[in-house]
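Here is the structure we will look at.
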Amino acid sequence: MSKLRYRIAALSVGVERSSFRCGVEALDRYLLRQALQDQKRRISTCFVALDGDAPAGYYTLSAAALPLSELPVELGKRLPRYPLLPAVRLGRLAVDQRHRGLGLGAALLADALSRSLVADIAAYAMLVDAKDEAAAAFYRHHGFMPFTDRPLTLFLPLASVAGLAP
């Protein structure tokens, strides 16, 4: 992240979000209209990569649960027999069109993983629901594994990145 010019921080009221355009209307609208409300309600936390005072990208984190029965057998057999395992959901990740191709998406993902690893509340994995195959390919490139019956829902055991996150 040291090569990038961005500062990543939790979204606050003073961040001017109206010019953010990632090319997906639902993601643009979420940042503009819903993200702060979700934070106030403790549904999710939104982190923004700021270029000056304007968001160049963002992601959201929230609590989740991962059914043990949906994990690959080789992973599941080494875990406690709890029906649900604690997880972190990466709910949204978007980069403004003016900041594409600079590695910001990967930097945001690394920041999300890093925050999840140092959180005081334990989580086994990070989950993500990719919006399409291109997004799923991005996550697979970064080590996420798809569920067999839901190829656009992917997970990454946090222990597997403990030494890789910044």
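Quick note on naming: the chains in the structure tokens go A, B, ... in the order shown, residues restart at 1 in each chain, and ligands are numbered from 1 in order of appearance.
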
Exercise: Cys22 (chain A) partners within 7 Å, only C-alpha atoms, chain neighbours under 6 positions left out, as a PDB file with all heavy atoms, in the first residue's frame:
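Done, and the output landed in result_24.pdb:
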```
ATOM      1  N   ASP A  28     -22.656   2.641  -6.242  1.00  0.00           N
ATOM      2  CA  ASP A  28     -22.580   4.108  -6.114  1.00  0.00           C
ATOM      3  C   ASP A  28     -23.658   4.605  -5.150  1.00  0.00           C
ATOM      4  O   ASP A  28     -23.388   5.411  -4.259  1.00  0.00           O
ATOM      5  CB  ASP A  28     -22.783   4.782  -7.475  1.00  0.00           C
ATOM      6  CG  ASP A  28     -21.676   4.481  -8.474  1.00  0.00           C
ATOM      7  OD1 ASP A  28     -20.585   4.017  -8.056  1.00  0.00           O
ATOM      8  OD2 ASP A  28     -21.907   4.698  -9.676  1.00  0.00           O
ATOM      9  N   ALA A  94     -15.652  -1.469  -4.010  1.00  0.00           N
ATOM     10  CA  ALA A  94     -15.796  -0.730  -5.258  1.00  0.00           C
ATOM     11  C   ALA A  94     -14.677   0.293  -5.394  1.00  0.00           C
ATOM     12  O   ALA A  94     -14.232   0.869  -4.403  1.00  0.00           O
ATOM     13  CB  ALA A  94     -17.154  -0.021  -5.305  1.00  0.00           C
ATOM     14  N   VAL A  95     -14.254   0.525  -6.622  1.00  0.00           N
ATOM     15  CA  VAL A  95     -13.221   1.516  -6.931  1.00  0.00           C
ATOM     16  C   VAL A  95     -13.797   2.496  -7.945  1.00  0.00           C
ATOM     17  O   VAL A  95     -14.395   2.090  -8.953  1.00  0.00           O
ATOM     18  CB  VAL A  95     -11.954   0.833  -7.502  1.00  0.00           C
ATOM     19  CG1 VAL A  95     -10.932   1.862  -7.965  1.00  0.00           C
ATOM     20  CG2 VAL A  95     -11.348  -0.108  -6.461  1.00  0.00           C
ATOM     21  N   ASP A  96     -13.623   3.773  -7.676  1.00  0.00           N
ATOM     22  CA  ASP A  96     -14.073   4.817  -8.595  1.00  0.00           C
ATOM     23  C   ASP A  96     -13.381   4.614  -9.942  1.00  0.00           C
ATOM     24  O   ASP A  96     -12.202   4.257 -10.002  1.00  0.00           O
ATOM     25  CB  ASP A  96     -13.728   6.194  -8.014  1.00  0.00           C
ATOM     26  CG  ASP A  96     -14.305   7.334  -8.827  1.00  0.00           C
ATOM     27  OD1 ASP A  96     -13.724   7.650  -9.896  1.00  0.00           O
ATOM     28  OD2 ASP A  96     -15.320   7.902  -8.415  1.00  0.00           O
ATOM     29  N   GLN A  97     -14.117   4.848 -11.028  1.00  0.00           N
ATOM     30  CA  GLN A  97     -13.591   4.637 -12.374  1.00  0.00           C
ATOM     31  C   GLN A  97     -12.312   5.430 -12.632  1.00  0.00           C
ATOM     32  O   GLN A  97     -11.449   4.986 -13.379  1.00  0.00           O
ATOM     33  CB  GLN A  97     -14.652   5.004 -13.412  1.00  0.00           C
ATOM     34  CG  GLN A  97     -15.818   4.054 -13.402  1.00  0.00           C
ATOM     35  CD  GLN A  97     -16.957   4.485 -14.303  1.00  0.00           C
ATOM     36  OE1 GLN A  97     -17.121   5.660 -14.606  1.00  0.00           O
ATOM     37  NE2 GLN A  97     -17.759   3.521 -14.727  1.00  0.00           N
TER      38      GLN A  97
END
```

Task: DSSP strand (DSSP E or B) selection over region 19-130 of chain A, as number ranges by chain - done: A: 45-51, 54-67, 84-95, 125-129

TODO: Find, counting only C-alpha atoms, the residue in A:Leu156, A:Ala162, A:Val48, A:Ile8 that gets nearest to Leu75 (chain A).
DONE: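 Result for the nearest residue to Leu75 (chain A): A:Leu156.
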
Write out as a PDB file with C-alpha atoms, in the first residue's frame the set of residues from region 4-162 of chain A that DSSP, computed on the backbone, places in helix (DSSP H, G or I).
```pdb
ATOM      1  CA  GLU A  25     -25.319   2.036  -9.874  1.00  0.00           C
ATOM      2  CA  ALA A  26     -26.149  -0.061  -6.800  1.00  0.00           C
ATOM      3  CA  LEU A  27     -22.616   0.363  -5.392  1.00  0.00           C
ATOM      4  CA  ASP A  28     -22.580   4.108  -6.114  1.00  0.00           C
ATOM      5  CA  ARG A  29     -26.003   4.527  -4.512  1.00  0.00           C
ATOM      6  CA  TYR A  30     -25.004   2.483  -1.459  1.00  0.00           C
ATOM      7  CA  LEU A  31     -22.049   4.740  -0.663  1.00  0.00           C
ATOM      8  CA  LEU A  32     -24.095   7.894  -1.190  1.00  0.00           C
ATOM      9  CA  ARG A  33     -27.327   6.930   0.597  1.00  0.00           C
ATOM     10  CA  GLN A  34     -26.981   3.830   2.752  1.00  0.00           C
ATOM     11  CA  ALA A  35     -23.450   3.328   4.105  1.00  0.00           C
ATOM     12  CA  LEU A  36     -23.650   5.846   6.957  1.00  0.00           C
ATOM     13  CA  GLN A  37     -27.093   4.574   7.983  1.00  0.00           C
ATOM     14  CA  ASP A  38     -25.763   1.001   8.147  1.00  0.00           C
ATOM     15  CA  GLN A  39     -22.891   2.198  10.329  1.00  0.00           C
ATOM     16  CA  LYS A  40     -25.232   4.023  12.702  1.00  0.00           C
ATOM     17  CA  LEU A  68     -19.316 -25.913   8.794  1.00  0.00           C
ATOM     18  CA  SER A  69     -21.226 -28.276   6.499  1.00  0.00           C
ATOM     19  CA  GLU A  70     -20.475 -26.059   3.479  1.00  0.00           C
ATOM     20  CA  VAL A  73     -14.240 -31.837   3.798  1.00  0.00           C
ATOM     21  CA  GLU A  74     -10.452 -31.480   4.112  1.00  0.00           C
ATOM     22  CA  LEU A  75     -10.871 -28.094   5.864  1.00  0.00           C
ATOM     23  CA  GLY A  76     -13.909 -29.012   7.929  1.00  0.00           C
ATOM     24  CA  GLN A  97     -13.591   4.637 -12.374  1.00  0.00           C
ATOM     25  CA  ARG A  98     -10.959   7.418 -12.215  1.00  0.00           C
ATOM     26  CA  HIS A  99      -8.789   5.233  -9.954  1.00  0.00           C
ATOM     27  CA  LEU A 104      -6.521   0.075  -5.340  1.00  0.00           C
ATOM     28  CA  GLY A 105      -8.946  -2.868  -5.342  1.00  0.00           C
ATOM     29  CA  ALA A 106      -6.203  -5.223  -4.158  1.00  0.00           C
ATOM     30  CA  ALA A 107      -5.059  -2.650  -1.572  1.00  0.00           C
ATOM     31  CA  LEU A 108      -8.616  -2.347  -0.234  1.00  0.00           C
ATOM     32  CA  LEU A 109      -8.887  -6.137  -0.003  1.00  0.00           C
ATOM     33  CA  ALA A 110      -5.533  -6.305   1.829  1.00  0.00           C
ATOM     34  CA  ASP A 111      -6.727  -3.622   4.246  1.00  0.00           C
ATOM     35  CA  ALA A 112      -9.966  -5.523   4.905  1.00  0.00           C
ATOM     36  CA  LEU A 113      -8.040  -8.733   5.576  1.00  0.00           C
ATOM     37  CA  SER A 114      -5.603  -6.899   7.833  1.00  0.00           C
ATOM     38  CA  ARG A 115      -8.409  -5.338   9.887  1.00  0.00           C
ATOM     39  CA  SER A 116     -10.087  -8.735  10.198  1.00  0.00           C
ATOM     40  CA  LEU A 117      -6.890 -10.376  11.390  1.00  0.00           C
ATOM     41  CA  VAL A 118      -6.280  -7.873  14.183  1.00  0.00           C
ATOM     42  CA  GLU A 133     -17.795 -13.937 -12.649  1.00  0.00           C
ATOM     43  CA  ALA A 134     -15.265 -11.119 -13.145  1.00  0.00           C
ATOM     44  CA  ALA A 135     -15.527 -10.207  -9.459  1.00  0.00           C
ATOM     45  CA  ALA A 136     -15.262 -13.887  -8.498  1.00  0.00           C
ATOM     46  CA  ALA A 137     -12.092 -14.157 -10.605  1.00  0.00           C
ATOM     47  CA  PHE A 138     -10.618 -11.180  -8.699  1.00  0.00           C
ATOM     48  CA  TYR A 139     -11.247 -12.914  -5.375  1.00  0.00           C
ATOM     49  CA  ARG A 140      -9.979 -16.299  -6.620  1.00  0.00           C
ATOM     50  CA  HIS A 141      -6.796 -14.532  -7.785  1.00  0.00           C
ATOM     51  CA  LEU A 158      -7.925 -15.881   7.732  1.00  0.00           C
ATOM     52  CA  ALA A 159      -5.157 -18.119   9.070  1.00  0.00           C
ATOM     53  CA  SER A 160      -4.007 -18.647   5.486  1.00  0.00           C
ATOM     54  CA  VAL A 161      -3.198 -14.936   5.111  1.00  0.00           C
TER      55      VAL A 161
END
```

- [ ] Can you work out which one of A:Leu79, A:Leu127, A:Leu84, A:Val15 has the shortest atom-to-atom distance to Thr60 (chain A), counting only C-alpha atoms?
- [x]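 Distance minimum relative to Thr60 (chain A) lands on A:Leu127.
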
Task: Which of A:Asp120, A:Asp149, A:Asp51, A:Asp132 sits closest to Arg5 (chain A) [using only C-alpha atoms] - done: A:Asp51

Task: Point-to-point distance from CA of Arg21 (chain A) to CA of Leu93 (chain A), Å rounded to tenths - done: 12.6 Å

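The two atoms in question, CA of Val88 (chain A) and CA of Phe47 (chain A), are spaced 14.2 Å apart.
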
Task: Selected residue of minimal separation from Lys131 (chain A) among A:Val24, A:Ala119, A:Cys46, A:Ala64, counting only C-alpha atoms - done: A:Val24

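The nearest approach to Ala122 (chain A) among the residues A:Gly101, A:Pro72, A:Ala65, A:Arg150, with only C-alpha atoms taken into account, belongs to A:Ala65.
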
Open item on the list: Between A:Met126, A:Ala56, A:Leu61, A:Leu66, which residue has the minimum interatomic distance to His142 (chain A), considering only C-alpha atoms?
Closed with: A:Met126

Task: Surrounding residues of Gly14 (chain A) excluding itself and chain neighbours under 3 positions, 10 Å, only C-alpha atoms, as number ranges by chain - done: A: 11, 17, 53-54

TODO: Find the residues around Ala63 (chain A) up to 8 Å (only C-alpha atoms counted), leave out those fewer than 6 positions away in its own chain, and share them as a list of chain:residue names.
DONE: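 Result of the neighbour search: A:Ser44, A:Pro86, A:Ala87, A:Val88, A:Arg89.
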
Open item on the list: Quick check, in Å to one decimal: how far apart do CA of Ala49 (chain A) and CA of Val13 (chain A) lie?
Closed with: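 Between CA of Ala49 (chain A) and CA of Val13 (chain A) the gap works out to 14.7 Å.
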
- [ ] Find the residues near Asp129 (chain A): any atom within 8 Å, counting only C-alpha atoms, skip ones fewer than 5 places away on the same chain, and give them as a list in words.
- [x]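 Non-adjacent residues within range: Leu90, Gly91, Leu152, Thr153 and Leu154 of chain A.
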
Go ahead and write the residues just picked, all heavy atoms, as a compact mmCIF listing (two decimals), in the first residue's frame.
```
# COMPACT_ATOMS: atom_id res chain seq x y z
N LEU A 90 -17.15 -9.46 3.70
CA LEU A 90 -16.78 -8.32 2.87
C LEU A 90 -17.99 -8.08 1.98
O LEU A 90 -18.21 -8.81 1.02
CB LEU A 90 -15.52 -8.63 2.05
CG LEU A 90 -15.03 -7.55 1.12
CD1 LEU A 90 -14.59 -6.31 1.90
CD2 LEU A 90 -13.87 -8.06 0.29
N GLY A 91 -18.82 -7.12 2.38
CA GLY A 91 -20.11 -6.94 1.72
C GLY A 91 -20.05 -6.25 0.38
O GLY A 91 -20.71 -6.63 -0.57
N LEU A 152 -20.34 -18.10 -6.81
CA LEU A 152 -20.12 -16.66 -6.62
C LEU A 152 -20.00 -16.28 -5.14
O LEU A 152 -19.77 -15.12 -4.82
CB LEU A 152 -21.22 -15.84 -7.29
CG LEU A 152 -21.27 -15.93 -8.82
CD1 LEU A 152 -22.38 -15.05 -9.38
CD2 LEU A 152 -19.93 -15.54 -9.44
N THR A 153 -20.15 -17.26 -4.25
CA THR A 153 -19.88 -17.04 -2.82
C THR A 153 -18.55 -17.70 -2.53
O THR A 153 -18.38 -18.90 -2.74
CB THR A 153 -21.00 -17.64 -1.95
OG1 THR A 153 -22.24 -17.01 -2.28
CG2 THR A 153 -20.71 -17.40 -0.47
N LEU A 154 -17.62 -16.89 -2.07
CA LEU A 154 -16.26 -17.37 -1.85
C LEU A 154 -15.83 -17.11 -0.42
O LEU A 154 -16.39 -16.23 0.26
CB LEU A 154 -15.30 -16.67 -2.81
CG LEU A 154 -15.60 -16.85 -4.30
CD1 LEU A 154 -16.37 -15.66 -4.82
CD2 LEU A 154 -14.35 -17.02 -5.09
```
